[in-house]
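J.: The following file, data-v9.txt, comprises compact mmCIF, C-alpha atoms:
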```txt
# COMPACT_ATOMS: atom_id res chain seq x y z
CA MET G 26 69.86 83.62 64.17
CA SER G 27 69.09 84.38 67.79
CA ASP G 28 72.77 85.16 68.46
CA SER G 29 72.86 87.67 65.61
CA ARG G 30 69.70 89.34 66.86
CA LYS G 31 71.15 89.51 70.35
CA THR G 32 74.33 91.07 68.96
CA VAL G 33 72.38 93.70 67.03
CA ARG G 34 70.27 94.44 70.10
CA THR G 35 73.29 94.96 72.35
CA LEU G 36 75.43 96.82 69.79
CA PRO G 37 74.24 100.34 70.84
CA LEU G 38 75.07 99.53 74.47
CA HIS G 39 78.56 98.36 73.49
CA LEU G 40 79.11 101.51 71.43
CA ILE G 41 78.07 103.68 74.38
CA LEU G 42 80.45 101.79 76.68
CA VAL G 43 83.30 102.26 74.17
CA VAL G 44 82.61 106.00 73.90
CA VAL G 45 82.39 106.45 77.67
CA GLY G 46 85.55 104.37 78.21
CA THR G 47 87.41 106.43 75.62
CA LEU G 48 86.33 109.69 77.23
CA MET G 49 87.68 108.44 80.55
CA VAL G 50 90.93 106.88 79.34
CA VAL G 51 92.10 109.55 76.89
CA PRO G 52 92.57 112.35 79.51
CA LEU G 53 94.46 109.94 81.79
CA LEU G 54 96.69 108.80 78.93
CA TYR G 55 97.28 112.40 77.86
CA ALA G 56 98.32 113.39 81.39
CA LEU G 57 100.59 110.34 81.68
CA LEU G 58 102.43 111.06 78.44
CA SER G 59 102.60 114.80 79.16
CA GLY G 60 104.42 114.03 82.40
CA PHE G 61 107.26 112.48 80.38
CA LYS G 62 107.83 115.67 78.36
CA THR G 63 109.45 119.00 79.05
CA THR G 64 107.23 122.06 79.21
CA GLY G 65 108.72 123.37 75.98
CA GLU G 66 108.05 120.10 74.17
CA LEU G 67 104.55 120.04 75.59
CA SER G 68 103.91 123.41 73.96
CA ARG G 69 105.32 122.28 70.59
CA ASN G 70 103.93 118.74 70.63
CA PRO G 71 100.91 118.57 72.96
CA VAL G 72 99.36 115.31 71.71
CA GLY G 73 102.23 113.24 70.29
CA LEU G 74 104.59 110.83 72.02
CA PRO G 75 107.52 112.35 73.93
CA GLU G 76 110.62 112.95 71.83
CA SER G 77 112.86 112.21 74.80
CA TRP G 78 111.24 110.57 77.80
CA VAL G 79 111.88 112.82 80.82
CA VAL G 80 111.61 110.25 83.60
CA SER G 81 112.99 112.73 86.12
CA ASN G 82 109.59 114.44 86.33
CA TYR G 83 108.23 111.32 88.00
CA THR G 84 111.30 110.11 89.88
CA GLY G 85 111.85 113.57 91.36
CA ILE G 86 108.38 113.54 92.88
CA LEU G 87 108.63 109.92 94.04
CA GLY G 88 111.93 110.73 95.72
CA SER G 89 110.37 113.61 97.63
CA GLY G 90 109.48 112.98 101.24
CA ALA G 91 106.75 115.63 101.01
CA PHE G 92 104.79 113.57 98.47
CA TRP G 93 104.85 110.44 100.61
CA ARG G 94 103.84 112.47 103.64
CA LEU G 95 100.75 113.62 101.73
CA VAL G 96 99.97 110.01 100.80
CA GLY G 97 100.39 108.93 104.43
CA ASN G 98 98.16 111.74 105.71
CA SER G 99 95.42 110.94 103.19
CA THR G 100 95.64 107.23 104.04
CA LEU G 101 95.48 107.86 107.79
CA ILE G 102 92.48 110.16 107.50
CA ALA G 103 90.65 107.92 105.02
CA VAL G 104 91.11 104.77 107.12
CA ALA G 105 90.15 106.46 110.39
CA THR G 106 87.09 108.10 108.81
CA THR G 107 85.98 104.80 107.28
CA VAL G 108 86.32 102.84 110.52
CA LEU G 109 84.42 105.47 112.47
CA VAL G 110 81.58 106.02 109.99
CA VAL G 111 81.06 102.29 109.34
CA ALA G 112 81.09 101.39 113.04
CA VAL G 113 78.63 104.10 114.08
CA SER G 114 76.41 103.63 111.02
CA ALA G 115 76.23 99.86 111.50
CA LEU G 116 74.97 100.27 115.06
CA ALA G 117 72.50 102.99 114.06
CA ALA G 118 71.25 101.01 111.05
CA PHE G 119 70.81 97.92 113.25
CA SER G 120 68.62 99.92 115.63
CA PHE G 121 66.54 101.41 112.80
CA ALA G 122 66.15 98.05 111.06
CA ARG G 123 65.57 95.56 113.90
CA PHE G 124 63.99 97.55 116.75
CA ALA G 125 60.53 99.13 116.91
CA PHE G 126 60.43 102.24 119.09
CA ARG G 127 58.45 105.45 119.19
CA GLY G 128 59.76 108.08 116.78
CA ARG G 129 61.93 105.64 114.83
CA GLU G 130 60.84 106.81 111.38
CA VAL G 131 61.00 110.46 112.39
CA LEU G 132 64.55 110.02 113.65
CA PHE G 133 65.51 108.12 110.51
CA THR G 134 64.06 110.93 108.40
CA VAL G 135 66.23 113.39 110.31
CA PHE G 136 69.29 111.34 109.37
CA THR G 137 68.27 111.15 105.72
CA MET G 138 67.83 114.93 105.63
CA GLY G 139 71.58 115.12 106.03
CA LEU G 140 71.86 114.15 102.35
CA MET G 141 70.30 117.50 101.44
CA PHE G 142 72.67 119.51 103.65
CA PRO G 143 75.57 120.87 101.55
CA PHE G 144 78.94 121.08 103.23
CA ALA G 145 79.54 124.63 102.00
CA VAL G 146 76.65 125.87 104.17
CA ALA G 147 78.30 124.41 107.28
CA ALA G 148 81.83 125.62 106.48
CA LEU G 149 81.83 128.75 108.65
CA PRO G 150 80.08 127.33 111.75
CA LEU G 151 82.15 124.16 111.44
CA PHE G 152 85.37 126.18 111.33
CA LEU G 153 84.34 128.14 114.43
CA LEU G 154 83.37 124.94 116.23
CA LEU G 155 86.67 123.22 115.41
CA ARG G 156 88.60 126.30 116.49
CA SER G 157 86.78 126.39 119.82
CA MET G 158 87.62 122.70 120.31
CA ASN G 159 91.30 123.20 119.34
CA LEU G 160 90.94 120.79 116.43
CA LEU G 161 92.46 122.98 113.73
CA ASP G 162 95.69 121.49 112.34
CA ASN G 163 94.57 118.24 113.90
CA PRO G 164 93.56 115.13 111.90
CA LEU G 165 90.48 114.75 114.11
CA GLY G 166 89.28 118.08 112.75
CA VAL G 167 88.86 116.36 109.37
CA ILE G 168 88.03 112.82 110.47
CA LEU G 169 85.09 113.69 112.72
CA PRO G 170 83.25 116.01 110.27
CA GLN G 171 83.86 113.61 107.37
CA ALA G 172 82.39 110.77 109.41
CA ALA G 173 79.41 112.91 110.39
CA PHE G 174 78.67 113.86 106.77
CA GLY G 175 79.07 110.23 105.72
CA LEU G 176 76.53 108.89 108.22
CA PRO G 177 73.29 109.52 106.25
CA MET G 178 74.20 107.59 103.11
CA THR G 179 75.90 104.79 105.06
CA ILE G 180 72.95 104.34 107.40
CA ILE G 181 70.50 104.23 104.49
CA ILE G 182 72.49 101.53 102.70
CA LEU G 183 73.06 99.37 105.78
CA ARG G 184 69.51 99.72 107.07
CA GLY G 185 68.12 98.45 103.79
CA PHE G 186 70.43 95.45 103.94
CA PHE G 187 69.76 94.69 107.63
CA ARG G 188 66.00 94.75 107.09
CA GLU G 189 66.31 91.96 104.52
CA ILE G 190 67.75 89.54 107.10
CA PRO G 191 64.93 87.09 107.96
CA GLY G 192 63.33 87.60 111.34
CA GLU G 193 63.28 83.83 111.84
CA LEU G 194 67.06 83.89 112.00
CA GLU G 195 67.00 86.37 114.85
CA GLU G 196 64.33 84.37 116.66
CA ALA G 197 66.41 81.22 116.36
CA ALA G 198 69.46 83.04 117.70
CA THR G 199 67.41 84.38 120.62
CA LEU G 200 66.20 80.86 121.50
CA ASP G 201 69.84 79.77 121.56
CA GLY G 202 70.54 82.45 124.18
CA CYS G 203 71.94 85.07 121.82
CA GLY G 204 71.21 88.64 122.91
CA PRO G 205 70.64 91.59 120.55
CA PHE G 206 74.26 92.72 120.51
CA ALA G 207 75.57 89.17 120.18
CA PHE G 208 73.19 88.64 117.23
CA PHE G 209 74.47 91.88 115.68
CA TRP G 210 78.14 91.01 116.20
CA ARG G 211 78.19 87.27 115.50
CA ILE G 212 75.51 86.84 112.87
CA LEU G 213 74.36 90.10 111.30
CA LEU G 214 77.77 91.68 110.58
CA PRO G 215 79.25 88.55 108.93
CA MET G 216 76.15 88.29 106.73
CA ALA G 217 76.42 91.99 105.85
CA ARG G 218 80.01 91.84 104.57
CA PRO G 219 79.04 92.84 101.00
CA ALA G 220 77.18 95.91 102.26
CA LEU G 221 79.96 96.78 104.71
CA GLY G 222 82.49 96.48 101.91
CA THR G 223 80.42 98.78 99.71
CA VAL G 224 80.06 101.56 102.27
CA SER G 225 83.74 101.22 103.22
CA VAL G 226 84.84 101.74 99.62
CA LEU G 227 82.55 104.76 99.29
CA ALA G 228 83.87 106.25 102.52
CA VAL G 229 87.52 105.78 101.53
CA VAL G 230 87.04 107.30 98.06
CA THR G 231 85.04 110.24 99.45
CA SER G 232 87.67 110.96 102.09
CA TRP G 233 90.56 110.62 99.64
CA ASN G 234 89.01 113.11 97.20
CA ASN G 235 87.95 115.62 99.86
CA PHE G 236 89.62 118.95 99.21
CA PHE G 237 87.61 121.69 100.87
CA LEU G 238 87.59 120.34 104.44
CA PRO G 239 91.37 119.65 104.71
CA LEU G 240 92.01 123.05 103.15
CA LEU G 241 89.77 124.61 105.79
CA VAL G 242 91.29 122.76 108.75
CA PHE G 243 94.99 122.44 107.91
CA THR G 244 97.35 125.39 107.70
CA ASP G 245 100.42 123.38 108.72
CA PRO G 246 101.92 121.67 105.62
CA LYS G 247 102.79 118.56 107.63
CA TRP G 248 99.07 117.63 107.72
CA TRP G 249 98.16 118.42 104.11
CA THR G 250 96.42 115.68 102.15
CA ILE G 251 96.85 114.73 98.49
CA PRO G 252 94.18 117.10 97.05
CA VAL G 253 95.60 120.06 99.00
CA GLY G 254 99.13 119.05 97.99
CA VAL G 255 98.12 118.98 94.31
CA GLN G 256 96.75 122.50 94.58
CA GLN G 257 99.86 123.79 96.35
CA PHE G 258 102.19 122.02 93.91
CA GLN G 259 100.33 123.46 90.95
CA GLY G 260 100.71 126.94 92.37
CA GLN G 261 104.41 126.42 93.10
CA TYR G 262 105.26 125.00 89.65
CA ALA G 263 102.72 126.92 87.57
CA THR G 264 105.26 127.49 84.79
CA ASP G 265 106.42 123.84 84.69
CA THR G 266 103.30 122.28 83.20
CA ALA G 267 104.91 118.91 82.46
CA ARG G 268 105.93 118.42 86.08
CA VAL G 269 102.42 119.37 87.22
CA PHE G 270 101.02 116.67 84.93
CA ALA G 271 103.43 114.15 86.45
CA TYR G 272 102.32 115.14 89.94
CA LEU G 273 98.65 114.81 89.00
CA VAL G 274 99.21 111.32 87.61
CA LEU G 275 101.09 110.14 90.70
CA ALA G 276 98.41 111.66 92.94
CA MET G 277 95.75 109.63 91.11
CA VAL G 278 97.62 106.31 91.24
CA PRO G 279 96.76 105.36 94.87
CA ALA G 280 93.03 106.02 94.37
CA LEU G 281 92.97 104.17 91.04
CA ALA G 282 94.89 101.24 92.52
CA PHE G 283 92.54 101.03 95.50
CA TYR G 284 89.46 101.21 93.32
CA SER G 285 90.78 98.55 90.93
CA VAL G 286 91.18 96.20 93.91
CA ALA G 287 87.90 97.13 95.61
CA GLU G 288 85.75 97.47 92.46
CA ARG G 289 84.49 93.89 92.64
CA GLN G 290 83.57 94.33 96.30
CA LEU G 291 81.73 97.57 95.54
CA VAL G 292 79.72 96.15 92.63
CA GLY G 293 79.10 92.88 94.49
CA GLY G 294 77.74 94.71 97.52
CA LEU G 295 75.42 96.88 95.44
CA THR G 296 74.06 93.94 93.45
CA ALA G 297 73.65 91.84 96.59
CA GLY G 298 71.55 94.58 98.14
CA ALA G 299 69.52 94.94 94.97
CA THR G 300 68.75 91.26 94.47
CA LYS G 301 68.47 90.02 98.06
CA GLY G 302 65.12 88.48 98.85
```
Transcribe the structure of this file into structure tokens.

T.:
Amino acid sequence: MSDSRKTVRTLPLHLILVVVGTLMVVPLLYALLSGFKTTGELSRNPVGLPESWVVSNYTGILGSGAFWRLVGNSTLIAVATTVLVVAVSALAAFSFARFAFRGREVLFTVFTMGLMFPFAVAALPLFLLLRSMNLLDNPLGVILPQAAFGLPMTIIILRGFFREIPGELEEAATLDGCGPFAFFWRILLPMARPALGTVSVLAVVTSWNNFFLPLLVFTDPKWWTIPVGVQQFQGQYATDTARVFAYLVLAMVPALAFYSVAERQLVGGLTAGATKG
């Protein structure tokens, strides 16, 4: 009886999950199947299965060096941004969480205010600054601003996790001759792996999906990233809709594959931070 009541109680939640999952999967499936059609067939038969599977739409893109260059550029920028933002944020969060100094909360509030600062407002001054520093058409012109805009959220997440580490543990490490940095490096960081994994996943996904900043910084096609490449490809093959669908699907595959691998780490880090203590 209790099992049946539990089933009835959770049925609305399951229905909501099914609806949300369907809304997410159907567009992806539609794009995947559309990439196997010709543009003419896509006009005649937009929702059915392909009459003749046009694999060349996908193989032609996969055989293009330009596509893999976009993937490599996006990977390079995402990894470099993640390493930089996590390293700087971890040190800053450690200071905010474990040290008491005058103006700490004021300075932390200044960092958190960065969450309310939209990138579009900074586009023009950022472009002028990067131009003055000769960082246009340079990966650092994207990596450094992305890391800067990623600091507020990353610091907030890591500070909350670092503050939950018992003070007795730090006192014991100090009695054993462990200094502040040694405690941070040898004890705190290994214990914070779930939180570090969470912020790393968020940084990679944010960097991978960033379109406006690479478009602003890069004019040389050799440094274009995946989002910019999708936009340029769509403009170049505007009349070949089926090929555009194929390109969109292949552009999504790396991000989906990464998220499928890192999803457990992301959820585990969030739940660990929520339930710790």

J.: Provide the atom CA of G:Pro75 to atom CA of G:Ser89 distance in Å, to one decimal place.

T.: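 Straight-line distance from atom CA of G:Pro75 to atom CA of G:Ser89 works out to 23.9 Å.
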
J.: Pick from G:Val167, G:Ala267, G:Ala122, G:Leu95: nearest to G:Phe237, with all atoms listed in the file counted?

T.: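 Under the stated criterion, the closest residue is G:Val167.
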
J.: Hey, what's within 10 Å of G:Ala115 if we count all atoms listed in the file and toss same-chain stuff fewer than 6 positions away? As a PyMOL selection string, please?

T.: chain G and resi 109+121+176+179-180+182-184+187+209+213-214+217+221

J.: In terms of the shortest atom-to-atom distance over all atoms listed in the file, which of G:Val111, G:Ala263, G:His39, G:Ile168 is closest to G:Thr223?

T.: G:Val111

J.: Calculate how many Å separate atom CA of G:Trp233 from atom CA of G:Leu54, rounding to one decimal.

T.: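 Pair atom CA of G:Trp233 / atom CA of G:Leu54 returns 21.7 Å.
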
J.: Just give me the gap between atom CA of G:Leu53 and atom CA of G:Thr264 in Å, one decimal is fine.

T.: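 Atom CA of G:Thr264 lies at a distance of 20.8 Å from atom CA of G:Leu53.
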
J.: How close does each residue of stretch 96-189 of chain G get to stretch 193-198 of chain G, giving the shortest atom pair and distance in Å to one decimal for every residue with an atom at most 12 Å away, counting all atoms listed in the file, sorted by chain and residue number, as JSON lines?

T.:
```
{"residue": "G:Arg123", "atom": "CA", "partner": "G:Glu195", "partner_atom": "CA", "distance": 9.3}
{"residue": "G:Phe124", "atom": "CA", "partner": "G:Glu195", "partner_atom": "CA", "distance": 11.7}
{"residue": "G:Phe187", "atom": "CA", "partner": "G:Glu195", "partner_atom": "CA", "distance": 11.4}
{"residue": "G:Arg188", "atom": "CA", "partner": "G:Glu195", "partner_atom": "CA", "distance": 11.5}
{"residue": "G:Glu189", "atom": "CA", "partner": "G:Leu194", "partner_atom": "CA", "distance": 11.0}
```

J.: Would you please work out which residue, of G:Val113, G:Leu38, G:Val104, G:Val274, is nearest to G:Leu227 when using only C-alpha atoms?

T.: G:Val104
